[in-house]
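A.B. asks: mmCIF, C-alpha atoms, saved as query-v5.cif, coming up:
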data_entry
#
loop_
_atom_site.label_atom_id
_atom_site.label_comp_id
_atom_site.auth_asym_id
_atom_site.auth_seq_id
_atom_site.Cartn_x
_atom_site.Cartn_y
_atom_site.Cartn_z
CA MET A 771 103.08 139.31 93.68
CA PRO A 772 106.75 138.23 93.59
CA GLU A 773 107.63 135.58 96.14
CA PRO A 774 110.54 136.02 98.56
CA ARG A 775 113.69 134.35 97.26
CA LEU A 776 114.50 130.86 98.44
CA THR A 777 118.00 130.08 99.66
CA ALA A 778 120.06 129.05 96.67
CA ALA A 779 120.42 125.28 96.54
CA SER A 780 121.47 122.85 93.87
CA LEU A 781 121.16 119.18 93.16
CA ALA A 782 123.78 117.04 91.46
CA ALA A 783 123.64 113.34 90.69
CA THR A 784 126.64 111.31 89.59
CA ASP A 785 126.47 107.80 88.15
CA LEU A 786 123.22 106.95 89.91
CA ALA A 787 121.89 103.42 89.66
CA CYS A 788 118.64 102.10 91.04
CA LEU A 789 117.77 98.50 91.87
CA ARG A 790 114.09 97.53 92.20
CA GLY A 791 112.99 93.99 92.89
CA GLY A 792 116.37 92.54 91.88
CA ARG A 793 116.29 94.38 88.53
CA LEU A 794 118.57 97.27 87.62
CA VAL A 795 116.13 99.99 86.52
CA PHE A 796 118.71 102.51 85.35
CA ALA A 797 122.45 102.99 85.72
CA GLY A 798 125.10 105.60 85.03
CA LEU A 799 122.64 108.46 85.35
CA SER A 800 124.11 111.92 85.99
CA PHE A 801 122.49 115.35 85.99
CA ARG A 802 122.84 118.74 87.58
CA LEU A 803 120.11 121.17 88.55
CA GLY A 804 120.76 124.72 89.78
CA PRO A 805 118.50 127.40 91.34
CA GLY A 806 115.50 128.09 89.11
CA GLY A 807 116.11 124.92 87.13
CA ALA A 808 113.56 122.41 85.98
CA LEU A 809 114.12 118.86 84.82
CA VAL A 810 111.45 116.88 83.00
CA LEU A 811 111.81 113.10 83.18
CA THR A 812 110.58 111.22 80.15
CA GLY A 813 110.59 107.58 79.23
CA PRO A 814 108.23 104.66 78.73
CA ASN A 815 106.42 102.98 81.63
CA GLY A 816 108.83 101.19 83.91
CA SER A 817 111.86 103.18 82.82
CA GLY A 818 112.37 104.41 86.39
CA LYS A 819 110.87 107.93 86.48
CA SER A 820 109.07 107.30 89.76
CA SER A 821 112.03 105.40 91.17
CA LEU A 822 114.35 108.31 90.41
CA LEU A 823 112.00 110.77 92.14
CA ARG A 824 111.71 108.50 95.19
CA LEU A 825 115.47 108.11 95.22
CA VAL A 826 116.04 111.88 95.15
CA ALA A 827 113.41 112.31 97.89
CA GLY A 828 115.40 109.91 100.05
CA LEU A 829 112.65 107.30 100.27
CA VAL A 830 114.79 104.58 98.69
CA PRO A 831 118.58 104.27 98.86
CA ALA A 832 120.66 104.50 95.67
CA PHE A 833 122.19 101.19 94.53
CA ALA A 834 125.27 103.05 93.25
CA GLY A 835 126.38 106.62 92.63
CA THR A 836 126.06 109.78 94.67
CA LEU A 837 123.41 112.40 95.10
CA ASP A 838 124.45 115.82 96.33
CA TRP A 839 121.74 118.17 97.62
CA THR A 840 123.12 121.45 98.98
CA GLY A 841 119.83 122.67 100.47
CA ALA A 842 118.38 121.82 103.87
CA PRO A 843 117.37 118.12 104.21
CA GLY A 844 113.77 119.06 104.98
CA SER A 845 113.52 121.42 102.05
CA ILE A 846 112.27 118.79 99.61
CA ALA A 847 108.58 118.37 98.78
CA TYR A 848 107.55 115.06 97.22
CA LEU A 849 104.27 114.41 95.43
CA GLY A 850 103.91 110.75 94.59
CA HIS A 851 101.36 108.84 92.54
CA GLN A 852 99.08 108.68 95.53
CA ASP A 853 97.40 111.71 97.03
CA ALA A 854 97.57 110.66 100.71
CA VAL A 855 94.07 112.08 101.20
CA LYS A 856 92.19 110.56 104.14
CA PRO A 857 88.46 110.02 103.50
CA ALA A 858 87.50 111.18 107.00
CA LEU A 859 89.53 114.41 107.17
CA THR A 860 88.36 117.69 105.66
CA VAL A 861 90.49 119.64 103.21
CA ARG A 862 91.44 122.13 105.92
CA GLU A 863 92.27 119.44 108.51
CA ALA A 864 94.41 117.53 106.02
CA LEU A 865 96.46 120.64 105.26
CA ARG A 866 96.86 121.42 108.98
CA VAL A 867 98.13 117.88 109.67
CA TRP A 868 100.53 118.02 106.70
CA ALA A 869 101.85 121.40 107.85
CA ALA A 870 102.49 120.07 111.35
CA LEU A 871 104.19 116.93 109.96
CA ALA A 872 106.36 119.03 107.66
CA GLY A 873 107.47 120.93 110.76
CA VAL A 874 106.08 124.26 109.61
CA GLY A 875 103.79 126.03 112.04
CA ALA A 876 101.39 127.11 109.33
CA GLY A 877 98.78 129.53 110.61
CA GLU A 878 95.26 129.67 109.19
CA GLY A 879 96.52 132.29 106.72
CA ALA A 880 98.99 129.84 105.19
CA VAL A 881 96.33 127.12 105.00
CA ASP A 882 93.92 129.57 103.31
CA ALA A 883 96.64 130.54 100.83
CA ALA A 884 97.35 126.88 100.04
CA ILE A 885 93.64 126.21 99.46
CA ALA A 886 93.39 129.27 97.20
CA ALA A 887 96.51 128.28 95.24
CA VAL A 888 94.78 125.15 93.95
CA GLY A 889 91.30 126.68 93.65
CA LEU A 890 89.62 124.60 96.35
CA GLU A 891 87.94 127.61 98.04
CA GLY A 892 84.49 126.78 99.31
CA LEU A 893 85.36 123.08 99.62
CA ASP A 894 87.59 123.48 102.68
CA ASP A 895 85.12 121.82 105.07
CA LEU A 896 84.39 118.88 102.78
CA PRO A 897 85.74 115.48 103.92
CA GLY A 898 88.19 113.81 101.57
CA ARG A 899 85.75 111.03 100.66
CA TYR A 900 83.52 113.51 98.77
CA LEU A 901 86.33 114.93 96.63
CA SER A 902 86.67 113.87 93.01
CA ALA A 903 89.95 112.38 91.78
CA GLY A 904 91.01 115.74 90.32
CA GLN A 905 90.10 117.58 93.51
CA ARG A 906 92.09 115.09 95.59
CA ARG A 907 95.07 115.70 93.30
CA ARG A 908 94.67 119.44 93.77
CA LEU A 909 94.57 118.98 97.55
CA ALA A 910 97.81 116.98 97.32
CA LEU A 911 99.32 119.79 95.21
CA ALA A 912 98.26 122.36 97.83
CA ARG A 913 100.82 120.73 100.13
CA LEU A 914 103.59 122.34 98.04
CA GLU A 915 102.49 125.76 99.30
CA LEU A 916 103.13 124.80 102.93
CA GLY A 917 106.66 125.19 104.17
CA ARG A 918 108.11 126.53 100.93
CA ALA A 919 110.39 123.64 100.03
CA ALA A 920 113.21 124.55 97.63
CA LEU A 921 112.99 121.34 95.58
CA TRP A 922 109.70 120.03 94.24
CA LEU A 923 109.60 116.39 93.13
CA LEU A 924 106.39 115.82 91.19
CA ASP A 925 105.32 112.41 89.93
CA GLU A 926 102.65 112.85 87.24
CA PRO A 927 101.31 116.03 88.88
CA THR A 928 98.62 116.52 86.21
CA LEU A 929 96.94 113.16 86.89
CA GLY A 930 93.19 113.84 86.83
CA LEU A 931 93.54 117.63 86.58
CA ASP A 932 91.29 119.75 84.32
CA ALA A 933 92.76 122.28 81.84
CA ALA A 934 92.35 125.24 84.23
CA SER A 935 94.16 123.38 87.01
CA VAL A 936 96.98 122.39 84.67
CA ALA A 937 97.42 126.07 83.70
CA ARG A 938 97.39 127.03 87.39
CA LEU A 939 100.05 124.40 88.11
CA GLU A 940 102.24 125.71 85.26
CA ALA A 941 101.97 129.23 86.70
CA ARG A 942 102.84 127.99 90.19
CA ILE A 943 105.90 126.12 88.91
CA ALA A 944 107.01 129.26 87.03
CA ARG A 945 106.65 131.37 90.20
CA HIS A 946 108.51 128.76 92.25
CA ARG A 947 111.39 128.76 89.74
CA ALA A 948 111.44 132.57 89.55
CA ALA A 949 111.99 132.59 93.32
CA GLY A 950 115.00 130.30 92.91
CA GLY A 951 113.21 126.98 93.45
CA LEU A 952 114.01 123.71 91.69
CA VAL A 953 111.57 121.29 90.07
CA MET A 954 111.97 117.70 88.92
CA LEU A 955 108.90 116.16 87.39
CA ALA A 956 107.76 113.11 85.52
CA THR A 957 104.89 113.73 83.14
CA HIS A 958 103.27 112.27 80.04
CA VAL A 959 101.33 115.50 79.44
CA PRO A 960 103.37 118.29 77.81
CA LEU A 961 103.67 121.14 80.31
CA ALA A 962 104.76 124.69 79.43
CA LEU A 963 108.06 125.02 81.29
CA ASP A 964 110.50 127.61 79.91
CA GLY A 965 114.04 126.35 79.51
CA ALA A 966 113.42 123.05 81.26
CA GLY A 967 116.03 120.35 80.86
CA ARG A 968 114.98 116.91 79.68
CA LEU A 969 116.19 113.60 80.93
CA ALA A 970 115.20 110.61 78.82
CA LEU A 971 115.43 107.66 81.16
CA GLU A 972 115.37 105.04 78.41
CA ASP A 973 118.93 106.20 77.54
CA TYR A 974 120.10 104.94 80.93
CA ALA A 975 118.36 101.59 80.91
CA ALA A 976 120.70 98.93 82.20
CA GLU A 977 121.74 96.73 79.28
CA ALA A 978 122.23 93.37 80.90
CA PRO A 979 120.25 92.01 83.83
CA LEU A 980 122.34 91.33 86.92
CA MET B 374 106.55 117.64 119.56
CA SER B 375 103.79 119.37 117.63
CA ALA B 376 104.27 116.95 114.75
CA PHE B 377 103.98 114.05 117.24
CA LEU B 378 100.75 115.45 118.68
CA ALA B 379 99.39 116.25 115.21
CA LEU B 380 99.92 112.62 114.13
CA LEU B 381 98.42 111.29 117.37
CA SER B 382 95.34 113.47 117.11
CA ARG B 383 94.97 112.66 113.40
CA ASP B 384 94.94 108.92 114.12
CA LEU B 385 92.48 109.33 117.00
CA ARG B 386 90.20 111.49 114.86
CA LEU B 387 90.33 109.08 111.92
CA ALA B 388 89.46 106.12 114.15
CA LEU B 389 86.68 107.89 116.04
CA ARG B 390 85.11 109.24 112.85
CA SER B 391 85.02 105.86 111.17
CA GLY B 392 83.85 104.59 114.59
CA GLY B 393 83.34 100.98 113.56
CA ASP B 394 86.86 99.82 114.39
CA VAL B 395 86.82 100.84 118.04
CA VAL B 396 83.36 99.39 118.61
CA ALA B 397 84.32 96.15 116.83
CA VAL B 398 87.34 95.64 119.10
CA LEU B 399 85.32 96.16 122.28
CA ALA B 400 82.43 94.00 121.06
CA PHE B 401 84.90 91.25 120.14
CA PHE B 402 86.42 91.45 123.65
CA VAL B 403 83.03 91.21 125.38
CA ILE B 404 81.72 88.42 123.15
CA THR B 405 84.88 86.33 123.55
CA VAL B 406 84.63 86.56 127.34
CA VAL B 407 80.89 85.77 127.25
CA LEU B 408 81.56 82.61 125.22
CA PHE B 409 83.49 81.00 128.09
CA PRO B 410 80.58 80.53 130.55
CA LEU B 411 78.60 79.10 127.62
CA GLY B 412 81.41 76.72 126.79
CA VAL B 413 82.58 75.52 130.22
CA GLY B 414 79.29 75.87 132.09
CA PRO B 415 77.99 78.39 134.62
CA GLU B 416 79.79 76.99 137.67
CA LEU B 417 81.13 80.10 139.44
CA ALA B 418 83.99 78.36 141.26
CA LEU B 419 85.45 77.13 137.98
CA LEU B 420 84.84 80.42 136.15
CA GLY B 421 86.40 82.45 138.97
CA ARG B 422 89.44 80.20 138.77
CA ILE B 423 90.00 80.80 135.03
CA ALA B 424 88.65 84.38 134.88
CA ALA B 425 92.01 86.19 134.85
CA GLY B 426 93.34 84.02 132.04
CA VAL B 427 90.15 84.41 130.03
CA VAL B 428 90.13 88.22 130.31
CA TRP B 429 93.82 88.35 129.40
CA VAL B 430 93.51 86.08 126.36
CA ALA B 431 90.44 87.97 125.16
CA ALA B 432 92.25 91.31 125.57
CA LEU B 433 95.22 89.95 123.66
CA LEU B 434 93.10 88.74 120.74
CA ALA B 435 91.06 91.95 120.68
CA THR B 436 94.29 93.98 120.52
CA LEU B 437 95.35 91.95 117.51
CA LEU B 438 92.15 92.80 115.67
CA ALA B 439 93.00 96.45 114.91
CA LEU B 440 96.75 95.92 114.48
CA ASP B 441 96.88 94.89 110.82
CA ARG B 442 95.62 98.31 109.76
CA LEU B 443 98.04 100.28 111.98
CA PHE B 444 100.36 101.15 109.07
CA ALA B 445 98.58 99.47 106.14
CA GLN B 446 96.22 102.38 105.36
CA ASP B 447 99.02 104.95 105.44
CA TYR B 448 101.09 102.61 103.30
CA GLU B 449 98.36 102.19 100.70
CA ASP B 450 97.33 105.84 100.36
CA GLY B 451 100.86 107.28 100.31
CA SER B 452 100.73 108.96 103.74
CA LEU B 453 103.61 106.80 104.91
CA ASP B 454 105.88 108.47 102.32
CA LEU B 455 105.04 111.83 103.85
CA LEU B 456 105.67 110.50 107.36
CA MET B 457 109.10 109.28 106.25
CA LEU B 458 109.95 112.65 104.70
CA SER B 459 108.77 114.58 107.76
CA PRO B 460 111.42 115.98 110.12
CA LEU B 461 109.70 113.94 112.84
CA PRO B 462 111.89 110.82 113.30
CA LEU B 463 110.11 107.71 112.00
CA GLU B 464 110.62 106.09 115.42
CA ALA B 465 108.61 108.91 117.01
CA ALA B 466 105.91 108.53 114.37
CA VAL B 467 105.68 104.81 115.21
CA LEU B 468 105.40 105.68 118.89
CA ALA B 469 102.58 108.16 118.15
CA LYS B 470 100.69 105.54 116.15
CA ALA B 471 101.21 102.84 118.82
CA LEU B 472 100.01 105.29 121.48
CA ALA B 473 96.90 106.04 119.41
CA HIS B 474 96.30 102.29 119.05
CA TRP B 475 96.60 101.83 122.82
CA LEU B 476 94.27 104.74 123.61
CA LEU B 477 91.67 103.27 121.25
CA THR B 478 91.94 99.60 122.25
CA GLY B 479 94.04 99.01 125.41
CA LEU B 480 92.51 101.76 127.51
CA PRO B 481 88.83 100.87 126.80
CA LEU B 482 89.67 97.20 127.49
CA ILE B 483 91.07 98.14 130.90
CA LEU B 484 87.93 100.13 131.70
CA LEU B 485 85.75 97.16 130.69
CA SER B 486 87.83 94.59 132.58
CA PRO B 487 86.10 94.92 136.02
CA LEU B 488 82.77 94.28 134.30
CA MET B 489 84.11 91.15 132.65
CA ALA B 490 85.74 90.06 135.91
CA ALA B 491 82.44 90.47 137.76
CA MET B 492 80.61 88.50 135.10
CA LEU B 493 83.02 85.59 135.48
CA GLY B 494 82.72 85.66 139.26
CA LEU B 495 86.24 86.89 139.99
CA GLU B 496 86.54 88.11 143.59
CA ALA B 497 86.27 91.90 143.90
CA LYS B 498 89.58 92.17 145.76
CA VAL B 499 91.35 90.94 142.62
CA TRP B 500 89.85 93.48 140.18
CA PRO B 501 92.39 96.25 140.87
CA VAL B 502 95.35 93.99 140.20
CA LEU B 503 93.70 92.73 136.99
CA ALA B 504 93.29 96.33 135.80
CA LEU B 505 96.83 97.18 136.89
CA SER B 506 98.31 94.19 135.05
CA LEU B 507 96.38 95.21 131.92
CA LEU B 508 97.57 98.81 132.37
CA LEU B 509 101.19 97.61 132.24
CA GLY B 510 100.62 94.84 129.72
CA THR B 511 98.41 96.32 126.99
CA PRO B 512 100.91 99.07 126.03
CA CYS B 513 103.44 96.24 125.47
CA LEU B 514 100.92 94.55 123.17
CA SER B 515 100.43 97.75 121.15
CA LEU B 516 104.19 98.31 120.86
CA ILE B 517 105.10 94.72 119.93
CA GLY B 518 102.11 94.70 117.58
CA ALA B 519 103.44 97.79 115.82
CA VAL B 520 106.60 95.85 114.94
CA GLY B 521 104.53 93.00 113.50
CA SER B 522 102.30 95.40 111.62
CA ALA B 523 105.34 97.09 110.08
CA LEU B 524 106.95 93.74 109.18
CA THR B 525 103.84 92.55 107.32
CA LEU B 526 103.48 95.77 105.27
CA GLY B 527 102.85 94.99 101.64
CA ALA B 528 102.34 91.27 102.32
CA ARG B 529 99.23 89.65 100.93
CA ARG B 530 97.03 88.17 103.68
CA GLY B 531 99.06 90.26 106.11
CA GLY B 532 96.47 89.77 108.86
CA ALA B 533 96.98 86.01 109.21
CA LEU B 534 100.75 86.41 108.96
CA LEU B 535 100.64 89.13 111.62
CA ALA B 536 98.84 86.84 114.07
CA LEU B 537 101.38 84.04 113.52
CA LEU B 538 104.26 86.46 113.95
CA ILE B 539 103.01 88.38 116.95
CA LEU B 540 101.08 85.93 119.16
CA PRO B 541 104.25 84.06 120.29
CA LEU B 542 105.79 87.40 121.25
CA PHE B 543 102.71 88.21 123.35
CA VAL B 544 103.29 85.08 125.48
CA PRO B 545 105.54 86.63 128.18
CA VAL B 546 103.10 89.48 128.69
CA LEU B 547 100.21 87.00 128.99
CA ILE B 548 102.11 84.81 131.49
CA PHE B 549 103.11 87.63 133.82
CA GLY B 550 99.74 89.37 133.51
CA ALA B 551 97.69 86.30 134.36
CA ALA B 552 100.18 85.25 137.06
CA ALA B 553 99.86 88.60 138.83
CA VAL B 554 96.10 88.10 139.18
CA GLU B 555 96.56 84.46 140.16
CA ALA B 556 99.01 85.45 142.90
CA VAL B 557 96.60 87.89 144.53
CA ALA B 558 93.73 85.39 144.25
CA THR B 559 95.78 82.81 146.20
CA GLY B 560 96.85 85.34 148.83
CA LEU B 561 100.38 85.99 147.55
CA THR B 562 101.84 89.29 146.40
CA ALA B 563 101.56 90.34 142.75
CA ARG B 564 104.66 92.53 143.03
CA PRO B 565 107.23 90.33 141.20
CA HIS B 566 104.86 89.70 138.28
CA LEU B 567 103.96 93.37 137.98
CA LEU B 568 107.65 94.29 138.10
CA LEU B 569 108.36 91.85 135.29
CA LEU B 570 105.47 93.33 133.28
CA GLY B 571 106.92 96.78 133.91
CA GLY B 572 110.25 95.43 132.69
CA CYS B 573 108.61 94.23 129.46
CA LEU B 574 107.14 97.70 128.96
CA ALA B 575 110.45 99.42 129.74
CA ALA B 576 112.14 97.27 127.10
CA ALA B 577 109.40 97.54 124.48
CA LEU B 578 109.05 101.32 124.77
CA PRO B 579 112.44 102.17 123.21
CA LEU B 580 113.09 98.98 121.21
CA ALA B 581 109.76 98.45 119.43
CA PRO B 582 109.69 101.86 117.69
CA ILE B 583 113.28 101.34 116.47
CA ALA B 584 112.46 97.88 115.11
CA ALA B 585 109.18 98.99 113.52
CA ALA B 586 110.81 102.02 111.88
CA ALA B 587 113.52 99.78 110.41
CA ALA B 588 110.84 97.43 109.06
CA ILE B 589 108.95 100.34 107.46
CA ARG B 590 112.11 101.64 105.76
CA GLN B 591 112.68 98.13 104.43
CA ALA B 592 109.12 97.89 103.12
CA GLN B 593 109.38 101.25 101.35
CA SER B 594 112.58 100.52 99.47
#
Would you encode the structure as structure tokens?

C.D. replies:
Amino acid sequence: MPEPRLTAASLAATDLACLRGGRLVFAGLSFRLGPGGALVLTGPNGSGKSSLLRLVAGLVPAFAGTLDWTGAPGSIAYLGHQDAVKPALTVREALRVWAALAGVGAGEGAVDAAIAAVGLEGLDDLPGRYLSAGQRRRLALARLELGRAALWLLDEPTLGLDAASVARLEARIARHRAAGGLVMLATHVPLALDGAGRLALEDYAAEAPL
Amino acid sequence: MSAFLALLSRDLRLALRSGGDVVAVLAFFVITVVLFPLGVGPELALLGRIAAGVVWVAALLATLLALDRLFAQDYEDGSLDLLMLSPLPLEAAVLAKALAHWLLTGLPLILLSPLMAAMLGLEAKVWPVLALSLLLGTPCLSLIGAVGSALTLGARRGGALLALLILPLFVPVLIFGAAAVEAVATGLTARPHLLLLGGCLAAALPLAPIAAAAAIRQAQS
């Protein structure tokens, strides 16, 4: 089933620099991402993959440089290292709360679709505390289905996922891109992403400490 | 508005399902008040004289008990990131969380206060003004506490730091709250004290969410 097209949006970064804990993580970083584009961030631990994703999401300010996002401000979905799953809330309740917080009035149909997209059917009334690490990750990934954000920022999305779930994620990313969506992701696991750009963050490591 | 209500109901549900927190706060309140007759002796005249202050100090300390986890859990599990990315302004999210904190601690404390007042031998005519002063004062405590809770995000031993940071700021609320009860007990009007308490609330209601939201943004970057 082809998804309805997303409004065309693009992301451009010019000369970005990020400062964390008094240390310049990267500097002089520029890239451009158009509709349907994907950008895979690579680099050793601490090279700033997560920092770049948080910066693009708007969670941390850039130390220098500009970031130009032409889509709606709310049209960015961010999946961090943590799953934000509450032990006391069921899968269905968690998705309902996330939908309301994202400002999308998701009906039960949308919640069902999000649960099905990550293969958590039958577990929808299970509280978060009984989910395995992989299942919690899948619940966090289900959030991407709510609200149809144009830009997905995924930080190690495959953390804890089994092979079937990784394949499902690859298919979902392909569908999202086919509909004109953008993806930026940091991963240590090779993912099948056709024509994805690569950004090696170690090339932008700041040479001298400030 | 629906995002505000969703966050409020989520926090209430989380607290009621874990249960222990709400019960712990109320039990702490009751036990602290009960300790006073044991410490100063069962003389009703003396207890009645200090009752308002005792109930107020106990309420203040009990409020503090649940404050250190107001943002800490959302901070640790990544939910705070999602709150910051939500179209709901962070200030409104802080207000929703402070309101949930008040509904779970302040409101039950107010309902318990006549019982505590009776136990300490406070005259019955003074109970309504005690409850009224708590009704105006405890929302201030939740709001000011939210600022402290946001400021101590990510700090090790945040709980102890929070108490040091917040207790001095609770002092005006304590003074006016206890003075309102004292005034009625001595036959004066509580009106000026209650007006001042209302003033504290009117100032804290817009300012505390702004300050707490700024502190959260600082902690996240």

A.B. asks: Here is a test: counting only C-alpha atoms, which residue of B:Met489, B:Leu463, B:Leu480, B:Val427 is nearest to chain A?

C.D. replies: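 Smallest separation from chain A among the options: B:Leu463.
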
A.B. asks: Quick one: distance from atom CA of B:Gly571 to atom CA of B:Gly510 in Å, one decimal?

C.D. replies: 7.8 Å

A.B. asks: Could you list the residues chosen by the PyMOL selection byres ((chain B and resi 530-542) around 12) in this structure as an MDAnalysis selection string?

C.D. replies: chainID B and resid 430 433:445 513:529 543:548 573 577 581

A.B. asks: Report the residues retrieved by the PyMOL selection byres ((chain B) within 12 of (chain A)) from the displayed file, expressed as an MDAnalysis selection string.

C.D. replies: chainID B and resid 374:392 446:463 465:466 589:594

A.B. asks: Name the residues that the PyMOL selection byres ((chain B and resi 499) around 12) pulls out of this structure, and write them as number ranges by chain.

C.D. replies: B: 421-422, 424-425, 486-487, 490-491, 494-498, 500-506, 551-563

A.B. asks: Expressed in Å to a single decimal, how great is the separation between atom CA of A:Ala783 and atom CA of A:Thr836?

C.D. replies: 5.9 Å

A.B. asks: Counting all atoms listed in the file, which of B:Ile583, B:Leu493, B:Ala588, B:Val403 gets nearest to B:Leu468?

C.D. replies: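 Using all atoms listed in the file, B:Leu468 sits closest to B:Ile583.
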
A.B. asks: I'd like the contact shell of B:Thr478 - 9 Å cut-off, all atoms listed in the file, skipping same-chain residues fewer than 2 positions apart - returned as a list in words.

C.D. replies: Val395, Val398, Leu399, Ala432, Ala435, Thr436, Ala439, Ala473, His474, Trp475, Leu476, Leu480, Pro481, Leu482, Ile483, Thr511 and Ser515 of chain B

A.B. asks: Which residue gives the smallest distance to A:Leu794 among A:Trp839, A:Tyr900, A:Trp922, A:Phe833, with only C-alpha atoms counted?

C.D. replies: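 Distance minimum relative to A:Leu794 lands on A:Phe833.
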
A.B. asks: Can you tell me how far atom CA of A:Val881 sits from atom CA of A:Asp895, in Å to one decimal?

C.D. replies: 12.4 Å

A.B. asks: Kindly provide, as JSON, the centre and edge lengths (Å, one decimal) of an axis-aligned box around all atoms of stretch 913-924 of chain A given in the file, with 8 Å on each side.

C.D. replies:
{"center_x": 107.0, "center_y": 121.2, "center_z": 97.7, "size_x": 28.4, "size_y": 26.7, "size_z": 29.0}

A.B. asks: Would you mind putting N, CA and C atoms back on stretch 422-437 of chain B and writing the result as a tab-separated table (two decimals), in the frame of the given file?

C.D. replies:
chain	number	residue	atom	x	y	z
B	422	ARG	N	88.08	80.73	138.83
B	422	ARG	CA	89.44	80.20	138.77
B	422	ARG	C	90.13	80.57	137.45
B	423	ILE	N	89.37	80.54	136.34
B	423	ILE	CA	90.00	80.80	135.03
B	423	ILE	C	89.78	82.24	134.55
B	424	ALA	N	89.07	83.06	135.36
B	424	ALA	CA	88.65	84.38	134.88
B	424	ALA	C	89.82	85.24	134.40
B	425	ALA	N	90.90	85.29	135.20
B	425	ALA	CA	92.01	86.19	134.85
B	425	ALA	C	92.60	85.80	133.50
B	426	GLY	N	92.79	84.50	133.31
B	426	GLY	CA	93.34	84.02	132.04
B	426	GLY	C	92.42	84.34	130.88
B	427	VAL	N	91.11	84.16	131.11
B	427	VAL	CA	90.15	84.41	130.03
B	427	VAL	C	90.18	85.88	129.62
B	428	VAL	N	90.13	86.78	130.62
B	428	VAL	CA	90.13	88.22	130.31
B	428	VAL	C	91.42	88.59	129.59
B	429	TRP	N	92.53	88.02	130.04
B	429	TRP	CA	93.82	88.35	129.40
B	429	TRP	C	93.90	87.85	127.96
B	430	VAL	N	93.46	86.61	127.73
B	430	VAL	CA	93.51	86.08	126.36
B	430	VAL	C	92.58	86.87	125.45
B	431	ALA	N	91.39	87.21	125.97
B	431	ALA	CA	90.44	87.97	125.16
B	431	ALA	C	91.00	89.35	124.83
B	432	ALA	N	91.66	89.98	125.81
B	432	ALA	CA	92.25	91.31	125.57
B	432	ALA	C	93.34	91.23	124.51
B	433	LEU	N	94.12	90.15	124.60
B	433	LEU	CA	95.22	89.95	123.66
B	433	LEU	C	94.71	89.78	122.22
B	434	LEU	N	93.65	88.97	122.08
B	434	LEU	CA	93.10	88.74	120.74
B	434	LEU	C	92.42	90.00	120.21
B	435	ALA	N	91.74	90.73	121.11
B	435	ALA	CA	91.06	91.95	120.68
B	435	ALA	C	92.08	92.99	120.21
B	436	THR	N	93.22	93.05	120.92
B	436	THR	CA	94.29	93.98	120.52
B	436	THR	C	94.76	93.69	119.10
B	437	LEU	N	94.85	92.39	118.81
B	437	LEU	CA	95.35	91.95	117.51
B	437	LEU	C	94.45	92.40	116.37
